[in-house]
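Colleague: Here you go, one structure.
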Protein chains: 2
Amino acid sequence: MKSALFAVALVAAAFAAAAINPAPDRQVRAAEAALSQGRPEYDSRGRLVAPSDYREWVFLSSGFDMSYNEQTATPDSHQFSNVFAPRAAYDSFKQTGIWPDKTILILEIRGGSGLGSITEAGQFQTGQVVALEAHVKDIDRFEGGWGFFSFDNGAAAERIAYDAACYACHQANAAVDTTFVQFYPTLLPIAARLETLSPAYLASSDQVAH
Amino acid sequence: MKSALFAVALVAAAFAAAAINPAPDRQVRAAEAALSQGRPEYDSRGRLVAPSDYREWVFLSSGFDMSYNEQTATPDSHQFSNVFAPRAAYDSFKQTGIWPDKTILILEIRGGSGLGSITEAGQFQTGQVVALEAHVKDIDRFEGGWGFFSFDNGAAAERIAYDAACYACHQANAAVDTTFVQFYPTLLPIAARLETLSPAYLASSDQVAH
């Protein structure tokens, strides 16, 4: 019933927007997108479908030349790692300090370039998506609650086997709920306040500088 | 009338979500946020109010050690530049290849660190926000349509004077509508397709590598 009242308020807001704003359709479409985005979808063979709209999810952070995989950067080749979370999962984390079931985090690795920069130094992100990976919390589906996936050219992906290094590394080193919240600057203080930082992270000497 | 139909569809979607989803209130709140986020607000003295929710807008890109201002990185000090756009402005750009009136783009400069990284190399973003700047399109308010602002500790900001270097640099070098779309990899191909790239950018030898 409460949600019905919220929905009525939302319609009132949409009508109010229509009255004062020249482009209400766009805002309503944006609201529709926010309602539906970012839950994991699997195909009939249980493969994770690559989300098409992750670039419009909430940005957690971007690293430079951090290698989560075997690809290592060289002096002439750089890459950025962008991480995104669905809005509903992000909102839930802000309330609880932990990811809700059905969270899907996307790691997008992009090429870096200094060519064409307005400055003499520095790197910006290019149109080249080097890799696209997902970390999915689905408690009934995965051992330990989380599964890793690597998409190849946007095709649906099989779960990476549990004996792969990513599982052990996240389990051992990640600050919250097997996720690297130590690298997500808007979420780390929330986890600290809500006391959801892992004992292993708290005991480590590698706690990040704020 | 079309917007009224959209609104009705949205309510139906909200009710459907309430029926199948354990946390509909959160999704409805997310939709409300999407409806209202990201238009410029000015105080009674005409200063731009710092938006509190920009981290939940759409991420355009992140650069590494690109200096838009006088601060230059040193070997021991690094910084990231994150850029965000409100969802409605982003959606409009995808349709038209140009920013709608009342667009506010936020540039957040964050400290970088390699301490505490799980890898031997690489930099991640820290909790230190070094600078927060805005670029606002408000055709009736600003000469040339756009104004720049730099927030100091979250306080409302006066417009930066028109003779500051940022105006001339963006005018001369930015790929679309005085904004550096050449560094926003999801938007650059849209601007190319919709032919909104500036003549100066098209004529330059500094076009970025895709």
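Chain lettering (A, B, ...) mirrors the order of the structure tokens, residue numbering begins at 1 for each chain separately, and ligand numbering begins at 1 in order of display.
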Which parts of segment 64-152 of chain B does DSSP call helix (DSSP H, G or I) when run on the backbone here, written out as an NGL selection string?

Modeller: :B and (87-96 or 143-145)

Colleague: Would you save the residues from that selection as a JSON list (two decimals), in the first residue's frame, using C-alpha atoms?

Modeller:
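out.json was written with the following content:
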[["chain", "number", "residue", "atom", "x", "y", "z"],
["B", 87, "ARG", "CA", 20.54, 11.51, -16.76],
["B", 88, "ALA", "CA", 18.04, 13.71, -18.59],
["B", 89, "ALA", "CA", 20.83, 15.76, -20.20],
["B", 90, "TYR", "CA", 22.67, 12.56, -21.15],
["B", 91, "ASP", "CA", 19.54, 11.05, -22.69],
["B", 92, "SER", "CA", 18.97, 14.25, -24.66],
["B", 93, "PHE", "CA", 22.58, 14.25, -25.92],
["B", 94, "LYS", "CA", 22.13, 10.68, -27.15],
["B", 95, "GLN", "CA", 19.15, 11.84, -29.21],
["B", 96, "THR", "CA", 20.53, 15.12, -30.54],
["B", 143, "GLU", "CA", 27.29, 35.00, -22.54],
["B", 144, "GLY", "CA", 27.90, 32.33, -25.14],
["B", 145, "GLY", "CA", 25.43, 30.09, -23.34]]

Colleague: Write out as a PyMOL selection string the set of residues from segment 46-187 of chain A that DSSP, computed on the backbone, places in strand (DSSP E or B).

Modeller: chain A and resi 48+58-64+74+77-85+104-113+123-137+146-151+157+159+176+179

Colleague: Quick one: of A:Ala191, A:Ala121, A:Ala172, A:Val83, who's nearest to chain B, counting only C-alpha atoms?

Modeller: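 Of A:Ala191, A:Ala121, A:Ala172, A:Val83, the one nearest chain B, counting only C-alpha atoms, is A:Ala121.
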
Colleague: Given only C-alpha atoms as the basis, pick out the residue of B:Gly147, B:Gly63, B:Pro86, B:Gly112 nearest to chain A.

Modeller: B:Gly63

Colleague: Restricting the calculation to only C-alpha atoms, which member of A:Asp53, A:Asp152, A:Asp138, A:Glu108 is positioned closest to Gly38 of chain A?

Modeller: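 Of the candidates, the smallest distance to Gly38 of chain A is held by A:Asp53.
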
Colleague: Report as a list in words all protein, DNA and RNA residues lying within 12 Å of Asp76 of chain B, evaluated on only C-alpha atoms, omitting residues in the same chain fewer than 3 positions from it.

Modeller: Asp65, Thr72, Ala73, Gln79, Gly111, Gly112, Ser113, Gly114, Leu115 and Gln123 of chain B

Colleague: Atom CA of Ser61 of chain A and atom CA of Thr196 of chain A, how far apart in Å?

Modeller: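 Separating atom CA of Thr196 of chain A from atom CA of Ser61 of chain A is a distance of 19.4 Å.
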
Colleague: With a distance cut-off of 9 Å and only C-alpha atoms, select the neighbouring residues of Phe149 of chain A, excluding the residue or stretch itself and same-chain residues fewer than 4 positions from it, and output the selection as number ranges by chain.

Modeller: A: 47-48, 132-136, 157-160

Colleague: So, counting only C-alpha atoms, which residue among A:Phe151, A:Tyr201, A:Phe124, A:Tyr167 is closest to chain B?

Modeller: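 Checking each of A:Phe151, A:Tyr201, A:Phe124, A:Tyr167 against chain B, counting only C-alpha atoms, the winner is A:Phe124.
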